[in-house]
>>> print(open('coords-v7.cif').read())   # mmCIF, N, CA and C atoms
data_final
#
loop_
_atom_site.label_atom_id
_atom_site.label_comp_id
_atom_site.auth_asym_id
_atom_site.auth_seq_id
_atom_site.Cartn_x
_atom_site.Cartn_y
_atom_site.Cartn_z
N MET A 1 40.53 17.68 4.80
CA MET A 1 39.62 16.62 4.39
C MET A 1 38.21 16.90 4.88
N TRP A 2 38.08 17.19 6.18
CA TRP A 2 36.75 17.43 6.74
C TRP A 2 36.15 18.73 6.20
N LEU A 3 36.99 19.71 5.97
CA LEU A 3 36.49 20.98 5.43
C LEU A 3 35.96 20.78 4.02
N LEU A 4 36.64 20.00 3.22
CA LEU A 4 36.17 19.70 1.87
C LEU A 4 34.85 18.92 1.91
N THR A 5 34.75 17.95 2.81
CA THR A 5 33.52 17.17 2.95
C THR A 5 32.36 18.07 3.35
N PHE A 6 32.58 18.93 4.33
CA PHE A 6 31.53 19.85 4.78
C PHE A 6 31.13 20.81 3.67
N PHE A 7 32.11 21.32 2.93
CA PHE A 7 31.83 22.24 1.84
C PHE A 7 30.99 21.57 0.75
N CYS A 8 31.34 20.35 0.38
CA CYS A 8 30.58 19.61 -0.64
C CYS A 8 29.17 19.30 -0.15
N LEU A 9 29.03 18.96 1.12
CA LEU A 9 27.71 18.71 1.70
C LEU A 9 26.87 19.97 1.65
N LEU A 10 27.45 21.10 2.00
CA LEU A 10 26.74 22.37 1.97
C LEU A 10 26.29 22.72 0.55
N ILE A 11 27.15 22.52 -0.42
CA ILE A 11 26.79 22.79 -1.82
C ILE A 11 25.66 21.86 -2.26
N GLY A 12 25.73 20.59 -1.89
CA GLY A 12 24.69 19.64 -2.25
C GLY A 12 23.34 20.00 -1.63
N VAL A 13 23.35 20.43 -0.38
CA VAL A 13 22.10 20.84 0.27
C VAL A 13 21.53 22.08 -0.40
N LEU A 14 22.37 23.05 -0.71
CA LEU A 14 21.89 24.27 -1.38
C LEU A 14 21.31 23.96 -2.75
N ILE A 15 21.97 23.11 -3.52
CA ILE A 15 21.44 22.73 -4.84
C ILE A 15 20.14 21.96 -4.68
N GLY A 16 20.09 21.06 -3.70
CA GLY A 16 18.88 20.27 -3.46
C GLY A 16 17.68 21.12 -3.11
N PHE A 17 17.88 22.18 -2.33
CA PHE A 17 16.76 23.05 -1.96
C PHE A 17 16.33 23.94 -3.11
N GLN A 18 17.18 24.14 -4.10
CA GLN A 18 16.84 24.98 -5.23
C GLN A 18 16.11 24.24 -6.35
N LEU A 19 16.25 22.92 -6.40
CA LEU A 19 15.61 22.13 -7.45
C LEU A 19 14.14 21.88 -7.11
N PRO A 20 13.24 22.17 -8.02
CA PRO A 20 11.81 21.97 -7.74
C PRO A 20 11.37 20.53 -8.02
N ILE A 21 11.73 19.61 -7.15
CA ILE A 21 11.36 18.21 -7.32
C ILE A 21 10.14 17.94 -6.45
N LEU A 22 9.06 17.51 -7.07
CA LEU A 22 7.84 17.19 -6.34
C LEU A 22 7.57 15.70 -6.46
N LEU A 23 7.40 15.06 -5.33
CA LEU A 23 7.09 13.64 -5.31
C LEU A 23 5.59 13.44 -5.11
N PRO A 24 5.01 12.44 -5.76
CA PRO A 24 3.62 12.11 -5.45
C PRO A 24 3.51 11.67 -3.99
N VAL A 25 2.39 11.95 -3.38
CA VAL A 25 2.21 11.67 -1.96
C VAL A 25 2.40 10.18 -1.64
N ILE A 26 2.07 9.34 -2.57
CA ILE A 26 2.18 7.89 -2.33
C ILE A 26 3.63 7.45 -2.15
N TYR A 27 4.60 8.18 -2.71
CA TYR A 27 6.01 7.80 -2.62
C TYR A 27 6.77 8.48 -1.49
N VAL A 28 6.13 9.40 -0.81
CA VAL A 28 6.82 10.16 0.24
C VAL A 28 7.29 9.25 1.37
N LYS A 29 6.46 8.30 1.76
CA LYS A 29 6.82 7.38 2.84
C LYS A 29 8.06 6.56 2.45
N TYR A 30 8.09 6.07 1.22
CA TYR A 30 9.23 5.27 0.77
C TYR A 30 10.50 6.12 0.68
N MET A 31 10.36 7.33 0.20
CA MET A 31 11.52 8.20 0.05
C MET A 31 12.08 8.60 1.42
N SER A 32 11.21 8.88 2.36
CA SER A 32 11.70 9.27 3.69
C SER A 32 12.43 8.11 4.36
N ILE A 33 11.92 6.89 4.21
CA ILE A 33 12.59 5.72 4.78
C ILE A 33 13.92 5.49 4.07
N GLY A 34 13.95 5.66 2.76
CA GLY A 34 15.20 5.48 2.01
C GLY A 34 16.26 6.49 2.43
N VAL A 35 15.85 7.74 2.62
CA VAL A 35 16.80 8.77 3.04
C VAL A 35 17.31 8.48 4.44
N LEU A 36 16.43 8.04 5.33
CA LEU A 36 16.85 7.72 6.69
C LEU A 36 17.83 6.54 6.70
N ALA A 37 17.56 5.53 5.90
CA ALA A 37 18.47 4.38 5.81
C ALA A 37 19.82 4.81 5.21
N ALA A 38 19.78 5.67 4.21
CA ALA A 38 21.02 6.16 3.61
C ALA A 38 21.83 6.98 4.61
N LEU A 39 21.17 7.85 5.36
CA LEU A 39 21.88 8.64 6.37
C LEU A 39 22.49 7.75 7.44
N ASP A 40 21.78 6.71 7.82
CA ASP A 40 22.32 5.76 8.80
C ASP A 40 23.61 5.14 8.26
N SER A 41 23.60 4.74 7.02
CA SER A 41 24.79 4.14 6.42
C SER A 41 25.93 5.13 6.32
N VAL A 42 25.63 6.36 5.95
CA VAL A 42 26.67 7.39 5.82
C VAL A 42 27.31 7.69 7.17
N PHE A 43 26.50 7.88 8.20
CA PHE A 43 27.07 8.15 9.52
C PHE A 43 27.82 6.94 10.07
N GLY A 44 27.34 5.73 9.76
CA GLY A 44 28.08 4.54 10.13
C GLY A 44 29.43 4.47 9.42
N GLY A 45 29.46 4.89 8.15
CA GLY A 45 30.72 4.93 7.40
C GLY A 45 31.69 5.95 7.96
N ILE A 46 31.17 7.11 8.35
CA ILE A 46 32.03 8.14 8.95
C ILE A 46 32.61 7.63 10.27
N ARG A 47 31.77 6.98 11.05
CA ARG A 47 32.23 6.42 12.33
C ARG A 47 33.31 5.36 12.08
N ALA A 48 33.08 4.47 11.12
CA ALA A 48 34.07 3.44 10.82
C ALA A 48 35.38 4.05 10.33
N TYR A 49 35.28 5.12 9.54
CA TYR A 49 36.50 5.80 9.06
C TYR A 49 37.29 6.37 10.23
N MET A 50 36.58 6.96 11.19
CA MET A 50 37.27 7.54 12.34
C MET A 50 37.89 6.47 13.22
N GLU A 51 37.31 5.27 13.22
CA GLU A 51 37.85 4.17 14.02
C GLU A 51 38.85 3.32 13.22
N ASP A 52 39.20 3.76 12.03
CA ASP A 52 40.13 3.07 11.14
C ASP A 52 39.68 1.65 10.80
N SER A 53 38.38 1.46 10.62
CA SER A 53 37.87 0.14 10.24
C SER A 53 36.93 0.23 9.04
N PHE A 54 37.07 1.29 8.24
CA PHE A 54 36.20 1.49 7.08
C PHE A 54 36.56 0.51 5.97
N ASP A 55 35.52 -0.08 5.37
CA ASP A 55 35.68 -0.99 4.24
C ASP A 55 34.63 -0.63 3.21
N ASN A 56 35.06 -0.36 1.98
CA ASN A 56 34.14 0.05 0.92
C ASN A 56 33.04 -0.97 0.66
N ILE A 57 33.39 -2.24 0.61
CA ILE A 57 32.41 -3.30 0.32
C ILE A 57 31.34 -3.35 1.40
N ILE A 58 31.75 -3.27 2.65
CA ILE A 58 30.79 -3.29 3.75
C ILE A 58 29.90 -2.06 3.69
N PHE A 59 30.48 -0.90 3.39
CA PHE A 59 29.69 0.33 3.32
C PHE A 59 28.65 0.26 2.20
N ILE A 60 29.07 -0.12 1.01
CA ILE A 60 28.14 -0.15 -0.13
C ILE A 60 27.07 -1.22 0.06
N SER A 61 27.47 -2.40 0.52
CA SER A 61 26.47 -3.46 0.73
C SER A 61 25.51 -3.08 1.84
N GLY A 62 25.98 -2.43 2.89
CA GLY A 62 25.10 -1.97 3.96
C GLY A 62 24.16 -0.88 3.49
N PHE A 63 24.68 0.02 2.67
CA PHE A 63 23.86 1.11 2.12
C PHE A 63 22.70 0.54 1.31
N VAL A 64 23.01 -0.37 0.39
CA VAL A 64 21.98 -0.95 -0.48
C VAL A 64 21.02 -1.83 0.33
N THR A 65 21.56 -2.67 1.20
CA THR A 65 20.73 -3.58 1.98
C THR A 65 19.79 -2.82 2.91
N ASN A 66 20.31 -1.82 3.61
CA ASN A 66 19.47 -1.03 4.52
C ASN A 66 18.34 -0.34 3.76
N THR A 67 18.67 0.24 2.62
CA THR A 67 17.66 0.96 1.85
C THR A 67 16.60 0.00 1.31
N LEU A 68 17.02 -1.14 0.78
CA LEU A 68 16.05 -2.10 0.26
C LEU A 68 15.19 -2.71 1.37
N LEU A 69 15.79 -3.00 2.51
CA LEU A 69 15.03 -3.55 3.62
C LEU A 69 14.00 -2.55 4.13
N ALA A 70 14.41 -1.30 4.25
CA ALA A 70 13.47 -0.28 4.72
C ALA A 70 12.33 -0.08 3.74
N ALA A 71 12.65 0.00 2.45
CA ALA A 71 11.60 0.15 1.44
C ALA A 71 10.70 -1.08 1.40
N GLY A 72 11.30 -2.27 1.56
CA GLY A 72 10.51 -3.49 1.59
C GLY A 72 9.55 -3.54 2.77
N LEU A 73 10.02 -3.09 3.94
CA LEU A 73 9.13 -3.03 5.11
C LEU A 73 7.98 -2.05 4.88
N ALA A 74 8.29 -0.91 4.29
CA ALA A 74 7.23 0.06 4.02
C ALA A 74 6.23 -0.49 3.02
N TYR A 75 6.70 -1.16 1.99
CA TYR A 75 5.81 -1.74 0.98
C TYR A 75 4.96 -2.86 1.57
N LEU A 76 5.60 -3.75 2.33
CA LEU A 76 4.87 -4.84 2.96
C LEU A 76 3.81 -4.30 3.92
N GLY A 77 4.17 -3.29 4.66
CA GLY A 77 3.21 -2.66 5.57
C GLY A 77 2.03 -2.06 4.82
N ASP A 78 2.29 -1.43 3.68
CA ASP A 78 1.20 -0.88 2.88
C ASP A 78 0.28 -1.98 2.37
N ARG A 79 0.86 -3.08 1.95
CA ARG A 79 0.06 -4.21 1.43
C ARG A 79 -0.77 -4.85 2.52
N LEU A 80 -0.25 -4.90 3.75
CA LEU A 80 -0.96 -5.52 4.86
C LEU A 80 -1.87 -4.55 5.61
N GLY A 81 -1.73 -3.26 5.31
CA GLY A 81 -2.51 -2.26 6.02
C GLY A 81 -1.95 -1.92 7.39
N LEU A 82 -0.67 -2.15 7.57
CA LEU A 82 0.02 -1.85 8.83
C LEU A 82 1.05 -0.77 8.61
N GLU A 83 1.48 -0.17 9.68
CA GLU A 83 2.50 0.88 9.60
C GLU A 83 3.87 0.28 9.96
N LEU A 84 4.33 -0.70 9.16
CA LEU A 84 5.61 -1.36 9.43
C LEU A 84 6.80 -0.44 9.22
N TYR A 85 6.63 0.61 8.46
CA TYR A 85 7.76 1.51 8.22
C TYR A 85 8.22 2.17 9.51
N LEU A 86 7.34 2.22 10.51
CA LEU A 86 7.72 2.82 11.80
C LEU A 86 8.83 2.02 12.47
N ALA A 87 8.87 0.70 12.24
CA ALA A 87 9.97 -0.11 12.79
C ALA A 87 11.30 0.35 12.21
N ALA A 88 11.32 0.60 10.91
CA ALA A 88 12.56 1.09 10.28
C ALA A 88 12.91 2.48 10.78
N VAL A 89 11.93 3.33 10.97
CA VAL A 89 12.18 4.68 11.47
C VAL A 89 12.81 4.62 12.86
N ILE A 90 12.29 3.76 13.71
CA ILE A 90 12.82 3.67 15.07
C ILE A 90 14.25 3.12 15.07
N VAL A 91 14.48 2.04 14.32
CA VAL A 91 15.80 1.42 14.31
C VAL A 91 16.84 2.34 13.66
N PHE A 92 16.53 2.84 12.47
CA PHE A 92 17.51 3.69 11.79
C PHE A 92 17.70 5.01 12.52
N GLY A 93 16.64 5.54 13.10
CA GLY A 93 16.76 6.79 13.86
C GLY A 93 17.65 6.62 15.08
N SER A 94 17.46 5.54 15.82
CA SER A 94 18.29 5.33 17.01
C SER A 94 19.75 5.07 16.62
N ARG A 95 19.98 4.30 15.55
CA ARG A 95 21.36 4.06 15.11
C ARG A 95 22.01 5.35 14.60
N LEU A 96 21.22 6.18 13.95
CA LEU A 96 21.73 7.45 13.44
C LEU A 96 22.21 8.34 14.59
N PHE A 97 21.39 8.46 15.63
CA PHE A 97 21.77 9.28 16.77
C PHE A 97 22.92 8.65 17.56
N GLN A 98 22.97 7.34 17.63
CA GLN A 98 24.07 6.66 18.31
C GLN A 98 25.39 6.92 17.57
N ASN A 99 25.38 6.76 16.26
CA ASN A 99 26.59 7.03 15.48
C ASN A 99 27.00 8.49 15.57
N LEU A 100 26.03 9.39 15.53
CA LEU A 100 26.34 10.82 15.63
C LEU A 100 26.95 11.14 16.99
N GLY A 101 26.44 10.52 18.05
CA GLY A 101 27.01 10.74 19.38
C GLY A 101 28.44 10.25 19.47
N ILE A 102 28.73 9.10 18.88
CA ILE A 102 30.09 8.56 18.90
C ILE A 102 31.03 9.45 18.09
N ILE A 103 30.56 9.92 16.94
CA ILE A 103 31.37 10.84 16.11
C ILE A 103 31.65 12.12 16.87
N ARG A 104 30.63 12.65 17.53
CA ARG A 104 30.79 13.88 18.30
C ARG A 104 31.81 13.70 19.42
N ARG A 105 31.72 12.59 20.16
CA ARG A 105 32.68 12.34 21.23
C ARG A 105 34.09 12.20 20.69
N TYR A 106 34.23 11.53 19.56
CA TYR A 106 35.55 11.37 18.96
C TYR A 106 36.14 12.72 18.59
N LEU A 107 35.33 13.56 17.96
CA LEU A 107 35.82 14.88 17.55
C LEU A 107 36.14 15.77 18.75
N LEU A 108 35.34 15.69 19.82
CA LEU A 108 35.62 16.48 21.01
C LEU A 108 36.93 16.05 21.68
N LYS A 109 37.19 14.74 21.69
CA LYS A 109 38.44 14.26 22.28
C LYS A 109 39.65 14.62 21.43
N LYS A 110 39.44 14.59 20.11
CA LYS A 110 40.56 14.85 19.22
C LYS A 110 40.91 16.34 19.18
N TYR A 111 39.91 17.20 19.19
CA TYR A 111 40.16 18.65 19.09
C TYR A 111 39.86 19.30 20.40
#
>>> encode(input="coords-v7.cif", output="structure tokens")
Amino acid sequence: MWLLTFFCLLIGVLIGFQLPILLPVIYVKYMSIGVLAALDSVFGGIRAYMEDSFDNIIFISGFVTNTLLAAGLAYLGDRLGLELYLAAVIVFGSRLFQNLGIIRRYLLKKY
């Protein structure tokens, strides 16, 4: 299972680096926040799966809600002339590393 997941992730990354997608500079901030929120949700889902508490509805609703909230903060910050997206970067970044640490500890104990 994990080997298949890793293999698919590797293929997706390789395809992603080969596609010439250029974003306008104005959307880069929103896209980076969206990707960070999505990664937070994915690592949270992996952690929940390892703890046998994964629920599809919670994962999908968290994925959408996190992404919309992060994009909304970035947009509101742009309208107000503030860098509100940094709040999302700090929160999602810390949660991402926390989930990754828990996943790492689980895998080290298991193997």
>>> residues_around(input="coords-v7.cif", residues="stretch 38-53 of chain A", least_positions_apart="4", cutoff="6 Å", atoms="only N, CA and C atoms", output="PyMOL selection string")
chain A and resi 33-34+62-63+67+92+95-96+99+103
>>> write_last_selection(input="coords-v7.cif", atoms="N, CA and C atoms", output="short mmCIF file (atom, residue, chain, number, x, y, z; two decimals), in the coordinates of the input")
data_model
loop_
_atom_site.label_atom_id
_atom_site.label_comp_id
_atom_site.auth_asym_id
_atom_site.auth_seq_id
_atom_site.Cartn_x
_atom_site.Cartn_y
_atom_site.Cartn_z
N ILE A 33 11.92 6.89 4.21
CA ILE A 33 12.59 5.72 4.78
C ILE A 33 13.92 5.49 4.07
N GLY A 34 13.95 5.66 2.76
CA GLY A 34 15.20 5.48 2.01
C GLY A 34 16.26 6.49 2.43
N GLY A 62 25.98 -2.43 2.89
CA GLY A 62 25.10 -1.97 3.96
C GLY A 62 24.16 -0.88 3.49
N PHE A 63 24.68 0.02 2.67
CA PHE A 63 23.86 1.11 2.12
C PHE A 63 22.70 0.54 1.31
N THR A 67 18.67 0.24 2.62
CA THR A 67 17.66 0.96 1.85
C THR A 67 16.60 0.00 1.31
N PHE A 92 16.53 2.84 12.47
CA PHE A 92 17.51 3.69 11.79
C PHE A 92 17.70 5.01 12.52
N ARG A 95 19.98 4.30 15.55
CA ARG A 95 21.36 4.06 15.11
C ARG A 95 22.01 5.35 14.60
N LEU A 96 21.22 6.18 13.95
CA LEU A 96 21.73 7.45 13.44
C LEU A 96 22.21 8.34 14.59
N ASN A 99 25.38 6.76 16.26
CA ASN A 99 26.59 7.03 15.48
C ASN A 99 27.00 8.49 15.57
N ILE A 103 30.56 9.92 16.94
CA ILE A 103 31.37 10.84 16.11
C ILE A 103 31.65 12.12 16.87
#
>>> select_by_dssp(input="coords-v7.cif", residues="chain A", states="alpha helix (DSSP H)", output="ChimeraX atom specification")
/A:2-18,25-50,56-80,85-110
>>> closest_residue(input="coords-v7.cif", among="A:Gly12, A:Pro24, A:Gly93, A:Gly81", to="A:Ala37", atoms="only C-alpha atoms")
A:Gly93
>>> atom_distance(input="coords-v7.cif", atom1="atom CA of A:Ala88", atom2="atom CA of A:Ala70")
5.8 Å
>>> closest_residue(input="coords-v7.cif", among="A:Ala71, A:Gly77, A:Leu86, A:Leu107", to="A:Tyr30", atoms="all atoms listed in the file")
A:Ala71
>>> atom_distance(input="coords-v7.cif", atom1="atom C of A:Val28", atom2="atom N of A:Glu83")
13.8 Å
>>> closest_residue(input="coords-v7.cif", among="A:Asp55, A:Leu36, A:Tyr27, A:Lys109", to="A:Tyr75", atoms="only C-alpha atoms")
A:Tyr27
>>> atom_distance(input="coords-v7.cif", atom1="atom C of A:Gly16", atom2="atom C of A:Phe54")
29.4 Å
>>> axis_aligned_box(input="coords-v7.cif", around="stretch 9-20 of chain A", padding_each_side="4 Å", output="lines of an AutoDock Vina configuration file")
center_x = 20.2
center_y = 21.8
center_z = -3.0
size_x = 25.7
size_y = 14.3
size_z = 18.0
